[in-house]
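Some notes on the structure that comes next.
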Amino acid sequence: MQQPITTSPAFLAKPSAPATPEDLKCAADLKDTLEANAERCVGMAANMIGVHKRIIVFSDDLTGRIMTMFNPEIIEKAEPYETEEGCLCLESKRKTTRFTSIRVRYQDRRFKERTANFNGWTAQIIQHEIDHCNGIVI
Ligand SMILES: [Zn+2]
């Protein structure tokens with residue numbers, strides 16, 4: 001079910017706790033909320049719908065499908081670059097440093113551990129959403 005988006009800076013500054021299989025409903029809500037905001041948003045973290053759990057969803061540039069990750073962690077990164085990003089919870093854009101290619105360890109919807117490589121735009125979205133899990137807004 002689509003949920004309202006939280007923009008409170010104090011709430012979003014708090015790091016999220018590890019996600020567990022009890023959070024599958026939250027992950028489904030997060031996906032629904034991203035789909036409902038697809039025109040202005042390419043990824044979301046669970047704290048943006050008011051849940052301090054380490055869950056992210058994003059649209060994968062390669063497949064065009066929405067991917068859900070539980071407890072994602074960047075384990076390798078290469079080729080930093082400067083860029084500007086916006087966020088649903090901010091009025092203006094901010095400068096940041098991102099990495100062109102990243103390797104991510106995460107758990108899938110069955111809580112099976114996986115690792116995968118991402119590049120370019122999809123990698124940038126994932127870095128932005130993992131920052132949200134750590135209480136960082138860009
Ligand atoms: Zn954001």
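To be explicit about the labels: the chains of the structure tokens are called A, B, and onward in the order shown, and within each one the residues are counted from 1, while ligands get numbers from 1 in the order they are shown.
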| task | Please write out the residues within 10 Å of ligand 1 as a list in words, counting only C-alpha atoms and all ligand atoms. | result | Thr7, Leu12, Cys41, Val42, Gly43, Met44, Ala45, Asn47, Met48, Glu85, Gly86, Cys87, Leu88, Cys89, Leu90, Ile125, Gln127, His128, Glu129, Ile130, Asp131, His132, Ile136, Val137 and Ile138 of chain A
Quiz item: Taking the backbone alone, and naming residues the way the document does, which bits of range 27-113 of chain A are alpha helix (DSSP H) by DSSP, as number ranges by chain?
Solution: A: 27-36
Residue with the minimum atom-to-atom distance to Val57 in chain A, picked from A:Glu39, A:Asp108, A:Glu91, A:Glu22 with only C-alpha atoms counted, is A:Asp108
Judged by only C-alpha atoms, the minimum distance to Gly120 in chain A among A:Met67, A:Ile75, A:Leu62, A:Cys133 is found for A:Leu62
Item to complete: One decimal, Å: what's the distance from CA of Ala17 in chain A over to CA of Asn71 in chain A, could you say?
Response: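 CA of Asn71 in chain A lies 8.8 Å from CA of Ala17 in chain A.
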- Task: Fewer than 4 positions away in the same chain doesn't count, so skip those; otherwise give me all residues within 9 Å of Trp121 in chain A, counting only C-alpha atoms, as a PyMOL selection string.
- Result: chain A and resi 60-61+100+125-126
Output C-alpha atoms for every residue in that selection, as an mmCIF file, in the first residue's frame.
```cif
data_model
loop_
_atom_site.group_PDB
_atom_site.id
_atom_site.type_symbol
_atom_site.label_atom_id
_atom_site.label_comp_id
_atom_site.auth_asym_id
_atom_site.auth_seq_id
_atom_site.Cartn_x
_atom_site.Cartn_y
_atom_site.Cartn_z
ATOM 1 C CA ASP A 60 17.225 -0.905 -12.284
ATOM 2 C CA ASP A 61 18.298 0.968 -15.403
ATOM 3 C CA THR A 100 30.910 4.934 -11.075
ATOM 4 C CA ILE A 125 20.727 5.637 -7.043
ATOM 5 C CA ILE A 126 21.854 2.771 -4.795
#
```
Which of range 8-127 of chain A end up as strand (DSSP E) when DSSP is run on this backbone - answer as number ranges by chain?
A: 43-45, 55-59, 66-85, 94-107, 113-119
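Contact shell of range 79-82 of chain A at 8 Å (only C-alpha atoms; same-chain neighbours under 4 positions omitted): A:Lys95, A:Thr96, A:Thr97, A:Arg98, A:Phe99, A:Thr100, A:Ser101.
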Would you export the selected residues with N, CA, C and O atoms as a PDB file, in the first residue's frame, please?
```pdb
ATOM      1  N   LYS A  95      25.456  19.042  -3.965  1.00  0.00           N
ATOM      2  CA  LYS A  95      26.641  18.414  -4.551  1.00  0.00           C
ATOM      3  C   LYS A  95      27.060  17.205  -3.714  1.00  0.00           C
ATOM      4  O   LYS A  95      26.942  17.217  -2.491  1.00  0.00           O
ATOM      5  N   THR A  96      27.566  16.185  -4.389  1.00  0.00           N
ATOM      6  CA  THR A  96      28.057  15.019  -3.666  1.00  0.00           C
ATOM      7  C   THR A  96      29.081  14.269  -4.514  1.00  0.00           C
ATOM      8  O   THR A  96      29.203  14.519  -5.712  1.00  0.00           O
ATOM      9  N   THR A  97      29.827  13.378  -3.874  1.00  0.00           N
ATOM     10  CA  THR A  97      30.752  12.504  -4.592  1.00  0.00           C
ATOM     11  C   THR A  97      30.148  11.111  -4.660  1.00  0.00           C
ATOM     12  O   THR A  97      29.693  10.578  -3.649  1.00  0.00           O
ATOM     13  N   ARG A  98      30.097  10.552  -5.851  1.00  0.00           N
ATOM     14  CA  ARG A  98      29.616   9.169  -6.041  1.00  0.00           C
ATOM     15  C   ARG A  98      30.681   8.355  -6.759  1.00  0.00           C
ATOM     16  O   ARG A  98      31.651   8.905  -7.263  1.00  0.00           O
ATOM     17  N   PHE A  99      30.450   7.048  -6.831  1.00  0.00           N
ATOM     18  CA  PHE A  99      31.394   6.148  -7.500  1.00  0.00           C
ATOM     19  C   PHE A  99      30.716   5.521  -8.718  1.00  0.00           C
ATOM     20  O   PHE A  99      29.549   5.110  -8.646  1.00  0.00           O
ATOM     21  N   THR A 100      31.467   5.436  -9.813  1.00  0.00           N
ATOM     22  CA  THR A 100      30.910   4.934 -11.075  1.00  0.00           C
ATOM     23  C   THR A 100      30.512   3.474 -10.971  1.00  0.00           C
ATOM     24  O   THR A 100      29.488   3.053 -11.492  1.00  0.00           O
ATOM     25  N   SER A 101      31.356   2.677 -10.290  1.00  0.00           N
ATOM     26  CA  SER A 101      30.989   1.266 -10.150  1.00  0.00           C
ATOM     27  C   SER A 101      31.101   0.834  -8.694  1.00  0.00           C
ATOM     28  O   SER A 101      32.014   1.256  -7.973  1.00  0.00           O
TER      29      SER A 101
END
```
query = Quick one: of A:Glu76, A:Glu35, A:Ile66, A:Gln124, who's nearest to Ile102 in chain A, counting only C-alpha atoms?
reply =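 Of the candidates, the smallest distance to Ile102 in chain A is held by A:Glu76.
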Practice prompt. State, in Å with one decimal place, the distance from CA of Lys77 in chain A to CA of Thr115 in chain A.
Written response: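 That distance, rounded to one decimal, is 13.1 Å.
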Would you list the contacts of Pro72 in chain A as a PDB file with all heavy atoms, in the first residue's frame, taking every protein, DNA or RNA residue within 9 Å and counting only C-alpha atoms, but skipping same-chain residues closer than 4 positions in sequence?
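Contents of the output file around_21.pdb:
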```pdb
ATOM      1  N   ARG A  54      16.662  -0.995   7.314  1.00  0.00           N
ATOM      2  CA  ARG A  54      17.581  -0.883   6.179  1.00  0.00           C
ATOM      3  C   ARG A  54      17.023  -1.629   4.957  1.00  0.00           C
ATOM      4  O   ARG A  54      17.407  -2.762   4.666  1.00  0.00           O
ATOM      5  CB  ARG A  54      18.964  -1.420   6.568  1.00  0.00           C
ATOM      6  CG  ARG A  54      19.541  -0.716   7.789  1.00  0.00           C
ATOM      7  CD  ARG A  54      20.913  -1.233   8.155  1.00  0.00           C
ATOM      8  NE  ARG A  54      21.902  -0.745   7.229  1.00  0.00           N
ATOM      9  CZ  ARG A  54      22.537   0.420   7.331  1.00  0.00           C
ATOM     10  NH1 ARG A  54      22.282   1.234   8.333  1.00  0.00           N
ATOM     11  NH2 ARG A  54      23.423   0.772   6.439  1.00  0.00           N
ATOM     12  N   ILE A  55      16.094  -0.967   4.274  1.00  0.00           N
ATOM     13  CA  ILE A  55      15.477  -1.524   3.062  1.00  0.00           C
ATOM     14  C   ILE A  55      15.508  -0.426   1.996  1.00  0.00           C
ATOM     15  O   ILE A  55      15.159   0.717   2.292  1.00  0.00           O
ATOM     16  CB  ILE A  55      14.005  -1.912   3.307  1.00  0.00           C
ATOM     17  CG1 ILE A  55      13.868  -2.820   4.521  1.00  0.00           C
ATOM     18  CG2 ILE A  55      13.411  -2.589   2.058  1.00  0.00           C
ATOM     19  CD1 ILE A  55      12.427  -2.947   5.016  1.00  0.00           C
ATOM     20  N   ILE A  56      15.920  -0.796   0.788  1.00  0.00           N
ATOM     21  CA  ILE A  56      15.866   0.169  -0.316  1.00  0.00           C
ATOM     22  C   ILE A  56      15.165  -0.458  -1.521  1.00  0.00           C
ATOM     23  O   ILE A  56      15.194  -1.680  -1.699  1.00  0.00           O
ATOM     24  CB  ILE A  56      17.265   0.691  -0.726  1.00  0.00           C
ATOM     25  CG1 ILE A  56      18.131  -0.408  -1.349  1.00  0.00           C
ATOM     26  CG2 ILE A  56      17.992   1.303   0.481  1.00  0.00           C
ATOM     27  CD1 ILE A  56      19.424   0.114  -2.000  1.00  0.00           C
ATOM     28  N   VAL A 104      27.782  -4.500  -4.279  1.00  0.00           N
ATOM     29  CA  VAL A 104      26.858  -4.411  -3.144  1.00  0.00           C
ATOM     30  C   VAL A 104      26.555  -5.799  -2.604  1.00  0.00           C
ATOM     31  O   VAL A 104      26.279  -6.724  -3.369  1.00  0.00           O
ATOM     32  CB  VAL A 104      25.521  -3.739  -3.571  1.00  0.00           C
ATOM     33  CG1 VAL A 104      24.597  -3.557  -2.379  1.00  0.00           C
ATOM     34  CG2 VAL A 104      25.788  -2.407  -4.233  1.00  0.00           C
ATOM     35  N   ARG A 105      26.623  -5.932  -1.280  1.00  0.00           N
ATOM     36  CA  ARG A 105      26.155  -7.160  -0.629  1.00  0.00           C
ATOM     37  C   ARG A 105      24.809  -6.846   0.014  1.00  0.00           C
ATOM     38  O   ARG A 105      24.656  -5.822   0.677  1.00  0.00           O
ATOM     39  CB  ARG A 105      27.173  -7.595   0.428  1.00  0.00           C
ATOM     40  CG  ARG A 105      26.774  -8.913   1.114  1.00  0.00           C
ATOM     41  CD  ARG A 105      27.946  -9.538   1.849  1.00  0.00           C
ATOM     42  NE  ARG A 105      28.478  -8.591   2.821  1.00  0.00           N
ATOM     43  CZ  ARG A 105      29.756  -8.549   3.192  1.00  0.00           C
ATOM     44  NH1 ARG A 105      30.635  -9.367   2.685  1.00  0.00           N
ATOM     45  NH2 ARG A 105      30.163  -7.655   4.076  1.00  0.00           N
ATOM     46  N   TYR A 106      23.824  -7.706  -0.190  1.00  0.00           N
ATOM     47  CA  TYR A 106      22.480  -7.443   0.336  1.00  0.00           C
ATOM     48  C   TYR A 106      21.752  -8.760   0.516  1.00  0.00           C
ATOM     49  O   TYR A 106      22.265  -9.829   0.138  1.00  0.00           O
ATOM     50  CB  TYR A 106      21.706  -6.528  -0.627  1.00  0.00           C
ATOM     51  CG  TYR A 106      21.422  -7.133  -1.986  1.00  0.00           C
ATOM     52  CD1 TYR A 106      20.183  -7.713  -2.265  1.00  0.00           C
ATOM     53  CD2 TYR A 106      22.389  -7.143  -2.987  1.00  0.00           C
ATOM     54  CE1 TYR A 106      19.923  -8.286  -3.511  1.00  0.00           C
ATOM     55  CE2 TYR A 106      22.136  -7.714  -4.229  1.00  0.00           C
ATOM     56  CZ  TYR A 106      20.902  -8.280  -4.490  1.00  0.00           C
ATOM     57  OH  TYR A 106      20.644  -8.846  -5.709  1.00  0.00           O
ATOM     58  N   GLN A 107      20.557  -8.698   1.065  1.00  0.00           N
ATOM     59  CA  GLN A 107      19.699  -9.872   1.140  1.00  0.00           C
ATOM     60  C   GLN A 107      18.477  -9.648   0.253  1.00  0.00           C
ATOM     61  O   GLN A 107      17.960  -8.537   0.179  1.00  0.00           O
ATOM     62  CB  GLN A 107      19.274 -10.117   2.593  1.00  0.00           C
ATOM     63  CG  GLN A 107      20.448 -10.649   3.404  1.00  0.00           C
ATOM     64  CD  GLN A 107      20.350 -10.328   4.870  1.00  0.00           C
ATOM     65  OE1 GLN A 107      19.705  -9.370   5.279  1.00  0.00           O
ATOM     66  NE2 GLN A 107      20.991 -11.131   5.679  1.00  0.00           N
ATOM     67  N   ILE A 126      21.622   3.660  -5.941  1.00  0.00           N
ATOM     68  CA  ILE A 126      21.854   2.771  -4.795  1.00  0.00           C
ATOM     69  C   ILE A 126      22.670   3.488  -3.718  1.00  0.00           C
ATOM     70  O   ILE A 126      22.362   3.401  -2.523  1.00  0.00           O
ATOM     71  CB  ILE A 126      22.560   1.478  -5.252  1.00  0.00           C
ATOM     72  CG1 ILE A 126      21.626   0.660  -6.156  1.00  0.00           C
ATOM     73  CG2 ILE A 126      22.997   0.638  -4.054  1.00  0.00           C
ATOM     74  CD1 ILE A 126      22.307  -0.495  -6.878  1.00  0.00           C
ATOM     75  N   ILE A 130      21.375   4.018   0.078  1.00  0.00           N
ATOM     76  CA  ILE A 130      22.115   3.468   1.218  1.00  0.00           C
ATOM     77  C   ILE A 130      22.488   4.597   2.191  1.00  0.00           C
ATOM     78  O   ILE A 130      22.446   4.426   3.414  1.00  0.00           O
ATOM     79  CB  ILE A 130      23.348   2.650   0.763  1.00  0.00           C
ATOM     80  CG1 ILE A 130      22.875   1.361   0.063  1.00  0.00           C
ATOM     81  CG2 ILE A 130      24.254   2.295   1.955  1.00  0.00           C
ATOM     82  CD1 ILE A 130      23.992   0.467  -0.469  1.00  0.00           C
ATOM     83  N   CYS A 133      19.758   5.066   4.545  1.00  0.00           N
ATOM     84  CA  CYS A 133      19.765   4.054   5.633  1.00  0.00           C
ATOM     85  C   CYS A 133      20.714   4.465   6.755  1.00  0.00           C
ATOM     86  O   CYS A 133      20.526   4.077   7.908  1.00  0.00           O
ATOM     87  CB  CYS A 133      20.186   2.686   5.093  1.00  0.00           C
ATOM     88  SG  CYS A 133      19.024   1.975   3.921  1.00  0.00           S
TER      89      CYS A 133
END
```
Out of A:Ala78, A:Ala13, A:Val51, A:Ile5, which residue has the shortest atom-to-atom distance to Asn37 in chain A when counting only C-alpha atoms?
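Result for the nearest residue to Asn37 in chain A: A:Ile5.
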